[in-house]
Structures are given as C-alpha cells and as structure tokens.
file coords13.pdb (PDB, C-alpha atoms)
ATOM      1  CA  MET A1130       0.000   0.000   0.000
ATOM      2  CA  GLY A1131       2.858   2.348   0.781
ATOM      3  CA  LYS A1132       4.378   1.845  -2.679
ATOM      4  CA  LYS A1133       1.094   2.665  -4.402
ATOM      5  CA  ARG A1134       0.786   5.890  -2.451
ATOM      6  CA  LYS A1135       4.320   6.889  -3.446
ATOM      7  CA  GLN A1136       3.545   6.157  -7.092
ATOM      8  CA  ARG A1137       0.370   8.288  -6.962
ATOM      9  CA  GLU A1138       2.231  11.177  -5.367
ATOM     10  CA  ALA A1139       4.950  10.946  -8.018
ATOM     11  CA  GLU A1140       2.327  10.963 -10.776
ATOM     12  CA  ASN A1141       0.587  13.996  -9.260
ATOM     13  CA  ASN A1142       3.917  15.844  -8.923
ATOM     14  CA  GLY A1143       4.970  15.065 -12.457
ATOM     15  CA  PRO A1144       5.670  17.500 -15.325
ATOM     16  CA  GLU A1145       2.040  17.476 -16.514
ATOM     17  CA  ALA A1146       0.782  18.612 -13.109
ATOM     18  CA  LYS A1147       3.326  21.427 -13.073
ATOM     19  CA  LYS A1148       2.091  22.603 -16.492
ATOM     20  CA  GLU A1149      -1.494  22.622 -15.269
ATOM     21  CA  ASP A1150      -0.536  24.660 -12.189
ATOM     22  CA  ALA A1151       1.350  27.180 -14.333
ATOM     23  CA  ALA A1152      -1.622  27.523 -16.681
ATOM     24  CA  SER A1153      -4.017  28.013 -13.784
ATOM     25  CA  GLU A1154      -1.742  30.688 -12.292
ATOM     26  CA  GLU A1155      -1.461  32.594 -15.572
ATOM     27  CA  ARG A1156      -5.211  32.670 -16.139
ATOM     28  CA  PRO A1157      -6.663  36.047 -14.963
ATOM     29  CA  LYS A1158      -9.588  36.225 -12.600
ATOM     30  CA  ARG A1159     -12.999  37.456 -13.706
ATOM     31  CA  THR A1160     -14.768  40.138 -11.632
ATOM     32  CA  LEU A1161     -17.918  42.220 -11.994
ATOM     33  CA  LEU A1162     -15.901  45.030 -13.565
ATOM     34  CA  GLY A1163     -14.017  42.813 -16.036
ATOM     35  CA  TRP A1164     -10.882  40.680 -16.062
ATOM     36  CA  LYS A1165      -8.490  41.280 -13.214
ATOM     37  CA  GLU A1166      -4.855  41.809 -14.204
ATOM     38  CA  LYS A1167      -2.041  39.576 -12.996
ATOM     39  CA  SER A1168      -0.838  40.289  -9.535
ATOM     40  CA  GLU A1169       2.702  41.583  -9.329
ATOM     41  CA  LYS A1170       5.432  39.714  -7.519
ATOM     42  CA  PRO A1171       5.992  40.671  -3.899
ATOM     43  CA  GLN A1172       9.441  42.085  -4.696
ATOM     44  CA  GLU A1173       8.048  44.346  -7.420
ATOM     45  CA  LYS A1174       5.269  45.473  -5.089
ATOM     46  CA  ALA A1175       7.780  46.395  -2.429
ATOM     47  CA  ASP A1176       9.781  48.403  -4.956
ATOM     48  CA  THR A1177       6.762  50.309  -6.337
ATOM     49  CA  VAL A1178       4.871  51.284  -3.188
ATOM     50  CA  ALA A1179       2.556  54.138  -4.153
ATOM     51  CA  ALA A1180       1.251  56.688  -1.685
ATOM     52  CA  PRO A1181      -2.399  56.182  -0.676
ATOM     53  CA  GLY A1182      -4.746  58.283  -2.812
ATOM     54  CA  PHE A1183      -6.856  61.104  -1.409
ATOM     55  CA  ARG A1184     -10.351  60.083  -0.386
ATOM     56  CA  ASN A1185     -12.947  62.733   0.313
ATOM     57  CA  LYS A1186     -14.590  61.934   3.660
ATOM     58  CA  GLU A1187     -16.591  65.135   3.884
ATOM     59  CA  LYS A1188     -19.681  64.848   6.115
ATOM     60  CA  VAL A1189     -22.002  67.716   6.907
ATOM     61  CA  LEU A1190     -24.044  68.081  10.086
ATOM     62  CA  VAL A1191     -27.396  69.822   9.477
ATOM     63  CA  THR A1192     -29.347  71.116  12.462
ATOM     64  CA  CYS A1193     -31.524  74.039  13.512
ATOM     65  CA  SER A1194     -32.421  76.118  16.540
ATOM     66  CA  ARG A1195     -35.473  75.710  18.733
ATOM     67  CA  ARG A1196     -38.706  77.602  17.995
ATOM     68  CA  ILE A1197     -37.980  77.554  14.273
ATOM     69  CA  ASN A1198     -40.749  78.450  11.852
ATOM     70  CA  TYR A1199     -42.424  75.616   9.908
ATOM     71  CA  ARG A1200     -41.443  77.180   6.579
ATOM     72  CA  TYR A1201     -37.777  77.350   7.499
ATOM     73  CA  ARG A1202     -37.923  73.802   8.894
ATOM     74  CA  HIS A1203     -39.222  72.571   5.530
ATOM     75  CA  LEU A1204     -36.333  74.402   3.819
ATOM     76  CA  MET A1205     -33.877  72.584   6.088
ATOM     77  CA  LEU A1206     -35.486  69.229   5.244
ATOM     78  CA  ASN A1207     -35.215  70.044   1.520
ATOM     79  CA  VAL A1208     -31.489  70.719   1.939
ATOM     80  CA  VAL A1209     -31.118  67.410   3.823
ATOM     81  CA  SER A1210     -32.791  65.557   0.936
ATOM     82  CA  LEU A1211     -30.380  67.178  -1.544
ATOM     83  CA  LEU A1212     -27.206  66.215   0.374
ATOM     84  CA  PRO A1213     -26.722  62.437   0.713
ATOM     85  CA  HIS A1214     -23.515  62.952   2.726
ATOM     86  CA  CYS A1215     -25.209  64.953   5.501
ATOM     87  CA  LYS A1216     -26.330  63.926   8.980
ATOM     88  CA  LYS A1217     -29.368  65.483  10.631
ATOM     89  CA  ASP A1218     -29.355  66.142  14.375
ATOM     90  CA  ASN A1219     -31.795  67.382  17.013
ATOM     91  CA  LYS A1220     -32.546  71.033  17.623
ATOM     92  CA  VAL A1221     -29.974  73.126  19.467
ATOM     93  CA  GLU A1222     -30.676  76.017  21.819
ATOM     94  CA  SER A1223     -29.309  79.166  20.144
ATOM     95  CA  LYS A1224     -27.572  80.914  23.041
ATOM     96  CA  GLU A1225     -24.118  82.324  23.649
ATOM     97  CA  THR A1226     -22.631  78.823  24.082
ATOM     98  CA  LYS A1227     -24.017  77.482  20.811
ATOM     99  CA  GLY A1228     -20.564  77.485  19.190
ATOM    100  CA  ALA A1229     -19.039  75.085  21.738
ATOM    101  CA  THR A1230     -22.175  72.903  21.656
ATOM    102  CA  LEU A1231     -22.182  72.647  17.871
ATOM    103  CA  ASN A1232     -18.457  71.905  17.706
ATOM    104  CA  GLU A1233     -18.953  69.081  20.193
ATOM    105  CA  LEU A1234     -21.894  67.702  18.200
ATOM    106  CA  VAL A1235     -19.879  67.808  14.985
ATOM    107  CA  GLU A1236     -17.049  65.896  16.662
ATOM    108  CA  LEU A1237     -19.426  63.298  18.118
ATOM    109  CA  ARG A1238     -21.118  62.711  14.732
ATOM    110  CA  ASN A1239     -17.728  62.446  12.997
ATOM    111  CA  CYS A1240     -18.428  65.343  10.628
ATOM    112  CA  SER A1241     -16.176  68.032   9.198
ATOM    113  CA  SER A1242     -18.706  70.775   8.360
ATOM    114  CA  CYS A1243     -21.916  72.187   9.797
ATOM    115  CA  LEU A1244     -25.039  73.934   8.483
ATOM    116  CA  PHE A1245     -26.929  75.565  11.344
ATOM    117  CA  PHE A1246     -30.326  77.185  10.645
ATOM    118  CA  GLU A1247     -30.972  79.771  13.355
ATOM    119  CA  CYS A1248     -34.398  81.412  13.610
ATOM    120  CA  ARG A1249     -34.925  84.674  15.511
ATOM    121  CA  LYS A1250     -38.314  86.122  16.577
ATOM    122  CA  HIS A1251     -40.105  83.513  14.399
ATOM    123  CA  LEU A1252     -39.367  85.846  11.447
ATOM    124  CA  ASP A1253     -35.682  85.999  10.535
ATOM    125  CA  LEU A1254     -33.591  83.035   9.403
ATOM    126  CA  TYR A1255     -29.796  83.014   9.728
ATOM    127  CA  LEU A1256     -27.608  80.292   8.233
ATOM    128  CA  TRP A1257     -24.250  79.427   9.811
ATOM    129  CA  MET A1258     -21.869  77.622   7.461
ATOM    130  CA  ALA A1259     -18.774  76.420   9.312
ATOM    131  CA  LYS A1260     -15.769  74.149   8.869
ATOM    132  CA  CYS A1261     -15.151  72.423  12.175
ATOM    133  CA  PRO A1262     -13.205  72.565  14.414
ATOM    134  CA  ASN A1263     -10.717  75.166  13.114
ATOM    135  CA  GLY A1264     -12.901  77.278  10.827
ATOM    136  CA  PRO A1265     -13.567  79.407   8.894
ATOM    137  CA  SER A1266     -17.278  80.098   9.344
ATOM    138  CA  VAL A1267     -19.795  82.386   7.646
ATOM    139  CA  LYS A1268     -23.044  83.892   8.879
ATOM    140  CA  PHE A1269     -25.751  84.524   6.263
ATOM    141  CA  LEU A1270     -29.169  86.123   6.345
ATOM    142  CA  VAL A1271     -31.567  83.952   4.325
ATOM    143  CA  ASN A1272     -34.121  85.784   2.177
ATOM    144  CA  ALA A1273     -36.606  84.862  -0.563
ATOM    145  CA  VAL A1274     -37.257  81.368   0.801
ATOM    146  CA  HIS A1275     -39.369  79.039  -1.374
ATOM    147  CA  THR A1276     -39.569  75.333  -0.520
ATOM    148  CA  MET A1277     -40.223  72.411  -2.862
ATOM    149  CA  GLU A1278     -43.745  71.882  -1.522
ATOM    150  CA  GLU A1279     -44.602  75.544  -1.977
ATOM    151  CA  LEU A1280     -43.364  75.941  -5.552
ATOM    152  CA  LYS A1281     -44.820  72.716  -7.036
ATOM    153  CA  LEU A1282     -42.286  72.675  -9.877
ATOM    154  CA  THR A1283     -42.253  70.005 -12.576
ATOM    155  CA  GLY A1284     -38.602  69.005 -12.170
ATOM    156  CA  ASN A1285     -37.752  65.718 -10.450
ATOM    157  CA  HIS A1286     -34.253  64.266 -10.225
ATOM    158  CA  LEU A1287     -32.919  61.063  -8.684
ATOM    159  CA  LYS A1288     -32.514  61.218  -4.928
ATOM    160  CA  GLY A1289     -28.906  60.798  -3.816
ATOM    161  CA  SER A1290     -27.339  61.572  -7.192
ATOM    162  CA  ARG A1291     -24.255  63.765  -7.414
ATOM    163  CA  PRO A1292     -24.860  67.401  -8.400
ATOM    164  CA  ILE A1293     -22.868  69.540 -10.819
ATOM    165  CA  LEU A1294     -21.857  72.771  -9.072
ATOM    166  CA  THR A1295     -21.876  75.904 -11.223
ATOM    167  CA  PHE A1296     -20.725  79.364 -10.140
ATOM    168  CA  SER A1297     -21.009  82.736 -11.807
ATOM    169  CA  ALA A1298     -17.887  84.620 -12.882
ATOM    170  CA  ASN A1299     -18.310  87.085  -9.980
ATOM    171  CA  PHE A1300     -16.901  84.554  -7.516
ATOM    172  CA  ASP A1301     -13.371  85.069  -8.862
ATOM    173  CA  LYS A1302     -13.267  88.857  -8.357
ATOM    174  CA  ASP A1303     -12.752  89.384  -4.626
ATOM    175  CA  SER A1304     -10.986  87.311  -1.991
ATOM    176  CA  HIS A1305     -14.046  86.835   0.229
ATOM    177  CA  TRP A1306     -16.067  85.481  -2.710
ATOM    178  CA  ILE A1307     -13.251  83.032  -3.503
ATOM    179  CA  LEU A1308     -13.349  81.805   0.107
ATOM    180  CA  LEU A1309     -17.138  81.410  -0.005
ATOM    181  CA  LYS A1310     -16.886  79.513  -3.291
ATOM    182  CA  GLU A1311     -14.435  77.017  -1.794
ATOM    183  CA  MET A1312     -16.684  76.498   1.245
ATOM    184  CA  LEU A1313     -19.733  75.916  -0.968
ATOM    185  CA  ILE A1314     -17.791  73.391  -3.059
ATOM    186  CA  GLN A1315     -16.702  71.433   0.014
ATOM    187  CA  ILE A1316     -20.113  71.452   1.712
ATOM    188  CA  PHE A1317     -22.549  71.017  -1.207
ATOM    189  CA  GLY A1318     -20.338  68.770  -3.335
ATOM    190  CA  THR A1319     -21.120  65.079  -2.808
ATOM    191  CA  PRO A1320     -17.951  63.010  -2.173
ATOM    192  CA  LYS A1321     -17.063  60.505  -4.850
ATOM    193  CA  GLY A1322     -17.839  56.940  -3.866
ATOM    194  CA  HIS A1323     -20.043  57.849  -0.908
ATOM    195  CA  GLN A1324     -22.162  54.900   0.241
ATOM    196  CA  LYS A1325     -25.457  56.826   0.083
ATOM    197  CA  SER A1326     -24.753  58.594  -3.202
ATOM    198  CA  LYS A1327     -25.372  57.336  -6.718
ATOM    199  CA  PRO A1328     -22.851  57.689  -9.575
ATOM    200  CA  TYR A1329     -25.142  59.851 -11.729
ATOM    201  CA  HIS A1330     -25.156  63.549 -12.602
ATOM    202  CA  ASP A1331     -28.758  64.475 -13.302
ATOM    203  CA  HIS A1332     -29.109  67.864 -11.565
ATOM    204  CA  VAL A1333     -27.223  71.148 -11.218
ATOM    205  CA  PHE A1334     -26.672  73.446  -8.243
ATOM    206  CA  ALA A1335     -26.421  77.019  -9.553
ATOM    207  CA  PHE A1336     -24.810  79.691  -7.348
ATOM    208  CA  SER A1337     -24.892  83.223  -8.743
ATOM    209  CA  ILE A1338     -24.037  86.624  -7.258
ATOM    210  CA  VAL A1339     -26.545  89.427  -7.883
ATOM    211  CA  ASP A1340     -26.512  92.645  -5.811
ATOM    212  CA  ASP A1341     -23.930  91.162  -3.412
ATOM    213  CA  HIS A1342     -26.295  88.258  -2.625
ATOM    214  CA  ILE A1343     -25.796  84.557  -3.406
ATOM    215  CA  TRP A1344     -28.846  83.114  -5.177
ATOM    216  CA  PHE A1345     -29.313  79.339  -5.092
ATOM    217  CA  ARG A1346     -31.209  77.340  -7.718
ATOM    218  CA  ASN A1347     -31.535  73.587  -8.311
ATOM    219  CA  TYR A1348     -32.161  72.341 -11.870
ATOM    220  CA  GLN A1349     -32.801  68.890 -13.304
ATOM    221  CA  ILE A1350     -30.933  67.883 -16.463
ATOM    222  CA  ALA A1351     -33.684  66.706 -18.830
ATOM    223  CA  VAL A1352     -32.573  64.862 -21.998
ATOM    224  CA  PRO A1353     -35.519  63.951 -24.269
ATOM    225  CA  HIS A1354     -35.144  60.648 -26.099
ATOM    226  CA  ASN A1355     -37.319  58.246 -28.094
ATOM    227  CA  GLU A1356     -37.523  54.489 -27.891
ATOM    228  CA  SER A1357     -36.132  54.245 -31.407
ATOM    229  CA  ASP A1358     -32.930  56.073 -30.384
ATOM    230  CA  LYS A1359     -30.176  53.552 -29.805
ATOM    231  CA  VAL A1360     -27.671  56.137 -28.622
ATOM    232  CA  PRO A1361     -27.245  55.594 -24.882
ATOM    233  CA  ARG A1362     -26.932  59.297 -24.149
ATOM    234  CA  GLY A1363     -29.958  60.349 -26.175
ATOM    235  CA  SER A1364     -30.179  63.616 -28.061
ATOM    236  CA  LEU A1365     -27.774  65.822 -26.107
ATOM    237  CA  GLU A1366     -28.410  68.777 -28.398
ATOM    238  CA  LYS A1367     -31.979  69.089 -27.057
ATOM    239  CA  MET A1368     -30.877  68.911 -23.406
ATOM    240  CA  THR A1369     -32.782  71.322 -21.163
ATOM    241  CA  LEU A1370     -32.820  72.378 -17.506
ATOM    242  CA  VAL A1371     -36.000  72.101 -15.434
ATOM    243  CA  GLU A1372     -36.086  73.769 -12.019
ATOM    244  CA  VAL A1373     -36.704  71.485  -9.073
ATOM    245  CA  GLY A1374     -36.325  73.716  -6.015
ATOM    246  CA  PRO A1375     -35.875  74.902  -3.358
ATOM    247  CA  ARG A1376     -35.012  78.573  -3.826
ATOM    248  CA  PHE A1377     -33.299  80.872  -1.371
ATOM    249  CA  CYS A1378     -30.983  83.874  -1.244
ATOM    250  CA  LEU A1379     -27.951  84.213   1.036
ATOM    251  CA  ASN A1380     -26.843  87.644   2.223
ATOM    252  CA  PRO A1381     -23.341  87.351   3.792
ATOM    253  CA  ILE A1382     -22.995  89.220   7.080
ATOM    254  CA  LYS A1383     -19.578  88.251   8.477
ATOM    255  CA  ILE A1384     -16.782  85.767   7.829
ATOM    256  CA  PHE A1385     -14.988  84.534  10.960
ATOM    257  CA  GLY A1386     -11.571  82.919  11.203
ATOM    258  CA  GLY A1387     -12.701  80.219  13.642
ATOM    259  CA  SER A1388     -15.640  77.867  13.936
ATOM    260  CA  PHE A1389     -18.747  79.845  14.974
ATOM    261  CA  GLY A1390     -16.585  82.756  16.090
ATOM    262  CA  GLY A1391     -13.041  84.074  16.158
ATOM    263  CA  PRO A1392     -11.412  87.028  14.391
ATOM    264  CA  THR A1393     -13.528  88.782  11.759
ATOM    265  CA  LEU A1394     -12.061  88.269   8.286
ATOM    266  CA  TYR A1395     -14.767  90.139   6.362
ATOM    267  CA  GLU A1396     -17.795  92.262   7.253
ATOM    268  CA  ASN A1397     -20.444  93.265   4.753
ATOM    269  CA  PRO A1398     -20.655  97.112   4.715
ATOM    270  CA  PHE A1399     -24.047  97.061   2.926
ATOM    271  CA  TYR A1400     -25.776  94.772   5.418
ATOM    272  CA  VAL A1401     -28.863  96.153   7.179
ATOM    273  CA  SER A1402     -30.414  94.025   9.902
ATOM    274  CA  PRO A1403     -34.121  93.166   9.610
ATOM    275  CA  ASN A1404     -34.729  94.816  13.011
ATOM    276  CA  GLN A1405     -33.617  98.162  11.576
ATOM    277  CA  ILE A1406     -35.838  97.671   8.525
ATOM    278  CA  ARG A1407     -38.871  96.979  10.721
ATOM    279  CA  ALA A1408     -38.051 100.021  12.893
ATOM    280  CA  LEU A1409     -37.931 102.247   9.795
ATOM    281  CA  GLN A1410     -41.285 100.876   8.617
ATOM    282  CA  LYS A1411     -42.830 101.677  12.000
ATOM    283  CA  LYS A1412     -41.426 105.217  11.845
ATOM    284  CA  GLN A1413     -42.978 105.674   8.428
ATOM    285  CA  LYS A1414     -46.373 104.592   9.801
ATOM    286  CA  THR A1415     -46.077 107.014  12.708
ATOM    287  CA  GLY A1416     -45.097 109.739  10.246
ATOM    288  CA  LYS A1417     -48.376 109.253   8.377
ATOM    289  CA  TYR A1418     -50.393 110.007  11.530
ATOM    290  CA  ALA A1419     -48.271 113.056  12.320
ATOM    291  CA  LYS A1420     -48.817 114.349   8.782
ATOM    292  CA  LYS A1421     -52.587 114.019   9.195
ATOM    293  CA  VAL A1422     -52.539 115.974  12.480
ATOM    294  CA  LYS A1423     -50.413 118.727  10.942
ATOM    295  CA  ALA A1424     -52.720 118.957   7.941
ATOM    296  CA  LYS A1425     -55.765 119.426  10.224
ATOM    297  CA  THR A1426     -54.071 122.181  12.204
ATOM    298  CA  ARG A1427     -52.995 123.952   9.010
ATOM    299  CA  ARG A1428     -56.566 123.806   7.721
ATOM    300  CA  LYS A1429     -57.955 125.324  10.928
ATOM    301  CA  MET A1430     -55.367 128.103  10.903
ATOM    302  CA  HIS A1431     -56.203 128.859   7.277
ATOM    303  CA  GLU A1432     -59.914 129.060   8.053
ATOM    304  CA  LEU A1433     -59.306 131.413  10.967
ATOM    305  CA  SER A1434     -57.000 133.682   8.991
ATOM    306  CA  ASN A1435     -59.298 133.772   5.953
ATOM    307  CA  PRO A1436     -62.904 134.051   7.238
ATOM    308  CA  LEU A1437     -65.795 134.006   4.743
ATOM    309  CA  GLU A1438     -67.725 137.205   3.990
ATOM    310  CA  PRO A1439     -71.332 137.321   5.368
ATOM    311  CA  ASP A1440     -73.904 136.251   2.812
ATOM    312  CA  GLU A1441     -76.774 138.616   2.010
ATOM    313  CA  PHE A1442     -79.287 135.849   1.483
ATOM    314  CA  ALA A1443     -78.327 133.782   4.541
ATOM    315  CA  ASP A1444     -81.398 134.909   6.584
ATOM    316  CA  MET A1445     -83.797 135.320   3.730
ATOM    317  CA  TRP A1446     -85.946 132.273   4.444
ATOM    318  CA  LYS A1447     -85.962 132.626   8.190
ATOM    319  CA  GLU A1448     -89.223 133.790   9.742
TER     320      GLU A1448
END
call {"tool": "encode", "arguments": {"input": "coords13.pdb", "output": "structure tokens"}}
result
Amino acid sequence: MGKKRKQREAENNGPEAKKEDAASEERPKRTLLGWKEKSEKPQEKADTVAAPGFRNKEKVLVTCSRRINYRYRHLMLNVVSLLPHCKKDNKVESKETKGATLNELVELRNCSSCLFFECRKHLDLYLWMAKCPNGPSVKFLVNAVHTMEELKLTGNHLKGSRPILTFSANFDKDSHWILLKEMLIQIFGTPKGHQKSKPYHDHVFAFSIVDDHIWFRNYQIAVPHNESDKVPRGSLEKMTLVEVGPRFCLNPIKIFGGSFGGPTLYENPFYVSPNQIRALQKKQKTGKYAKKVKAKTRRKMHELSNPLEPDEFADMWKE
C-alpha cells in the first residue's frame, strides 16, 4: 500500500501537473468590472509602493435652533434631501454657548462641516456655514425662501445623485467670494464613492451673485429621447434644464476665522439688519399720523385767517 501511495504522489507531482498549475496561475480572474490583471510579484510590489490616494470623507451636520418656523424647517429638510452625505441632528438652543455645543456635536457625529439654521423672533432666518473645528465660518441672512412643496415645480431628479456645481464669474473677483466659493464646493459637493450617493449627474446646483447676494437654484438635467434612439446618451443637443427647487438667497454678514466665532475676516458694509428695517417701517407709519394731524391744524389756521364774507341771502328764508 505504501508503494502505491508513493507512485500516486509521483504521478501527481509530475511534469504534466506542473504545467497545469502554471496555466491556472497565468489565467486572470474574472470580476464584476471585467478581467483582473495579474498580480505583481511581492518584490516588485515592495519596490513600487505608491502613496495612498486622497479620499474625500466630507460629512455635513445639518441642524436648527429651537422655535424655528415651519417654513424654514421645511427648507432645512429640503437641503437634507439634496445632500446624501449629511447627517441630521436634534434642535440646538441658540444661546451664547451654541458654538461650543455645535463643535462638540460635529465631533461626536464624525463630521467636518456644519449647516446651522438659526431662527430669531419667528421671522428671521440666519444660516451658519462652518468648517469644524478650526474654521472658517460664515453667517448669512436667508431671504426669498421658497420650498419644494410651496413651488410645485415640474422638475424631479434622482434622490442621492451627485450634483454639478456651477458658479457665476463674480466669484473670482474678490478674496471673500473666492473663500465662499471654496466652502460651498466642500459642503454642497457630494464626495465621490459615498455609500449613500449614486454615480449619476442628473441635476445642477447654480450659485450666482446678484446685488452682493448669493442666489441658489436647483435644476434637473432633462434629456428627451425616443424608444427608437439607440444612442445611450440620447439627443444631447436638445438637453434642457428644469427647475426642481428649493429657492433661497444668502446675504453674507460676516466671515470669521474660527468655527462659529473668532477674528472677523470680512464684514459686509451694505448689510442692514431686519430689526432696523422693521423700525424704519414703524417710523414711516407714525409719520403718516403726524402728517394728518399737521394737515388738520394747518386747515384750521387757514380758516381762521381767511374768514368768509357774510352772505346777504343767509337769513332770507328765516321767519
């Protein structure tokens, strides 16, 4: 029995078996993405050790303050639906210590940026856009808010798809606009290969500067095609943009060097707070009443200074 085993082992270790092993080693492996190339020898791998490539791990924490208006809360939820790489958290009390609280929340949720919607007096909405924990951060006043549910637009893009970010030429003029452009790219740009994102580009985020305000629009890329068209990309010449929503306008107030505070890098000289605007409107209303009172007094003084002459026929019909 021992001899037979030795003979079998010799037959298995013969030249034919070696040829089969060599052929099986040379054959490439098949994967879902195609044929896998031959693996390099360990010595060659050690010689050509490449540096690890950059991987974008950007995550954005989206939260709001307490006592926020329903309209602004819907705007925040629309922004959450547009950013697959964001994390939504509970409401935060907007007090003096909100900066330390938000920085701690961002660290606990393993995020690198923060969008904080702060509502004041149930009327005014402020948006904090910050890079945590070292900054910079920007404070905006949000105007012209229109949510998706309010507009009822016809556009509809795939949820979780990667957007194409477009900026107007005004962003390259001044240094503070260049800084804001870089922050918008890092926060609103979906990282490549994110687990919740889809590898499609079917909508566009448009940021444009008009009257020192940043206007945001979201458009769907609509490519009409027929069933008879065999071109996979359809008729690109007839490609159109259909607005999806939401809409809002950002008025920059200040740019800080740190996260939710620090040295002021830029301050908008044309910014007027909504409290001042409401105070001016009230003064105008009080001015209307004062004008009416002055007009009455002027009329009385005019009547006293210019009395009417007695009429001859005033007592004609009196008995």
call {"tool": "atom_distance", "arguments": {"input": "coords13.pdb", "atom1": "atom CA of Phe1345 of chain A", "atom2": "atom CA of Pro1398 of chain A"}}
result
22.1 Å
call {"tool": "closest_atom_pairs", "arguments": {"input": "coords13.pdb", "of": "segment 1232-1272 of chain A", "to": "segment 1195-1202 of chain A", "cutoff": "10 Å", "atoms": "only C-alpha atoms", "output": "tab-separated table"}}
result
residue	atom	partner	partner_atom	distance
A:Phe1246	CA	A:Tyr1201	CA	8.1
A:Glu1247	CA	A:Ile1197	CA	7.4
A:Cys1248	CA	A:Ile1197	CA	5.3
A:Arg1249	CA	A:Ile1197	CA	7.8
A:Lys1250	CA	A:Arg1196	CA	8.6
A:His1251	CA	A:Asn1198	CA	5.7
A:Leu1252	CA	A:Asn1198	CA	7.5
A:Asp1253	CA	A:Asn1198	CA	9.2
A:Leu1254	CA	A:Tyr1201	CA	7.3
A:Val1271	CA	A:Tyr1201	CA	9.6
call {"tool": "closest_residue", "arguments": {"input": "coords13.pdb", "among": "A:Lys1327, A:His1332, A:Lys1227, A:Arg1376", "to": "Glu1279 of chain A", "atoms": "all atoms listed in the file"}}
result
A:Arg1376
call {"tool": "closest_residue", "arguments": {"input": "coords13.pdb", "among": "A:Met1312, A:Leu1211, A:Val1221, A:Leu1204", "to": "Arg1291 of chain A", "atoms": "only C-alpha atoms"}}
result
A:Leu1211
call {"tool": "closest_residue", "arguments": {"input": "coords13.pdb", "among": "A:Asn1232, A:Asn1185, A:Asn1263, A:Thr1226", "to": "Phe1385 of chain A", "atoms": "all atoms listed in the file"}}
result
A:Asn1263
call {"tool": "residues_around", "arguments": {"input": "coords13.pdb", "residues": "Lys1220 of chain A", "least_positions_apart": "4", "cutoff": "8 Å", "atoms": "only C-alpha atoms", "output": "ChimeraX atom specification"}}
result
/A:1192-1195
call {"tool": "closest_residue", "arguments": {"input": "coords13.pdb", "among": "A:Gln1349, A:Asn1272, A:Ser1242, A:Gln1405", "to": "Ile1293 of chain A", "atoms": "only C-alpha atoms"}}
result
A:Gln1349
call {"tool": "closest_residue", "arguments": {"input": "coords13.pdb", "among": "A:Val1401, A:Cys1243, A:Leu1270, A:Ala1351", "to": "Asn1380 of chain A", "atoms": "all atoms listed in the file"}}
result
A:Leu1270
call {"tool": "atom_distance", "arguments": {"input": "coords13.pdb", "atom1": "atom CA of Trp1344 of chain A", "atom2": "atom CA of Phe1269 of chain A"}}
result
11.9 Å
call {"tool": "axis_aligned_box", "arguments": {"input": "coords13.pdb", "around": "segment 1222-1229 of chain A", "padding_each_side": "6 Å", "output": "AutoDock Vina command-line options"}}
result
--center_x -24.9 --center_y 78.7 --center_z 21.6 --size_x 23.6 --size_y 19.2 --size_z 16.9
call {"tool": "closest_residue", "arguments": {"input": "coords13.pdb", "among": "A:Ile1384, A:Leu1294, A:Cys1378, A:Val1191", "to": "Gly1318 of chain A", "atoms": "all atoms listed in the file"}}
result
A:Leu1294
call {"tool": "residues_around", "arguments": {"input": "coords13.pdb", "residues": "Lys1186 of chain A", "least_positions_apart": "6", "cutoff": "12 Å", "atoms": "all atoms listed in the file", "output": "mmCIF file with C-alpha atoms, keeping the file's coordinate frame"}}
result
data_model
loop_
_atom_site.group_PDB
_atom_site.id
_atom_site.type_symbol
_atom_site.label_atom_id
_atom_site.label_comp_id
_atom_site.auth_asym_id
_atom_site.auth_seq_id
_atom_site.Cartn_x
_atom_site.Cartn_y
_atom_site.Cartn_z
ATOM 1 C CA HIS A 1214 -23.515 62.952 2.726
ATOM 2 C CA CYS A 1215 -25.209 64.953 5.501
ATOM 3 C CA ASN A 1239 -17.728 62.446 12.997
ATOM 4 C CA CYS A 1240 -18.428 65.343 10.628
ATOM 5 C CA SER A 1241 -16.176 68.032 9.198
ATOM 6 C CA SER A 1242 -18.706 70.775 8.360
ATOM 7 C CA GLN A 1315 -16.702 71.433 0.014
ATOM 8 C CA ILE A 1316 -20.113 71.452 1.712
ATOM 9 C CA GLY A 1318 -20.338 68.770 -3.335
ATOM 10 C CA THR A 1319 -21.120 65.079 -2.808
ATOM 11 C CA PRO A 1320 -17.951 63.010 -2.173
ATOM 12 C CA LYS A 1321 -17.063 60.505 -4.850
ATOM 13 C CA GLY A 1322 -17.839 56.940 -3.866
ATOM 14 C CA HIS A 1323 -20.043 57.849 -0.908
ATOM 15 C CA GLN A 1324 -22.162 54.900 0.241
#
call {"tool": "atom_distance", "arguments": {"input": "coords13.pdb", "atom1": "atom CA of Ile1350 of chain A", "atom2": "atom CA of Val1208 of chain A"}}
result
18.6 Å
call {"tool": "resolve_selection", "arguments": {"input": "coords13.pdb", "expression": "the PyMOL selection byres ((chain A and resi 1257) around 8)", "output": "PyMOL selection string"}}
result
chain A and resi 1243-1247+1255-1256+1258-1259+1266-1269+1389
call {"tool": "residues_around", "arguments": {"input": "coords13.pdb", "residues": "Asp1303 of chain A", "least_positions_apart": "5", "cutoff": "12 Å", "atoms": "only C-alpha atoms", "output": "PyMOL selection string"}}
result
chain A and resi 1298+1308-1310+1338+1341+1395
call {"tool": "resolve_selection", "arguments": {"input": "coords13.pdb", "expression": "the PyMOL selection byres ((chain A and resi 1337) around 9)", "output": "list of chain:residue names"}}
result
A:Thr1295, A:Phe1296, A:Ser1297, A:Ala1298, A:Asn1299, A:Phe1300, A:Ala1335, A:Phe1336, A:Ile1338, A:Val1339, A:His1342, A:Ile1343, A:Trp1344, A:Phe1345, A:Arg1346
call {"tool": "residues_near_point", "arguments": {"input": "coords13.pdb", "point": "(-28.7, 62.5, 10.4)", "cutoff": "9 Å", "atoms": "all atoms listed in the file", "output": "JSON, numbers by chain"}}
result
{"A": [1190, 1191, 1192, 1209, 1215, 1216, 1217, 1218, 1219, 1238]}
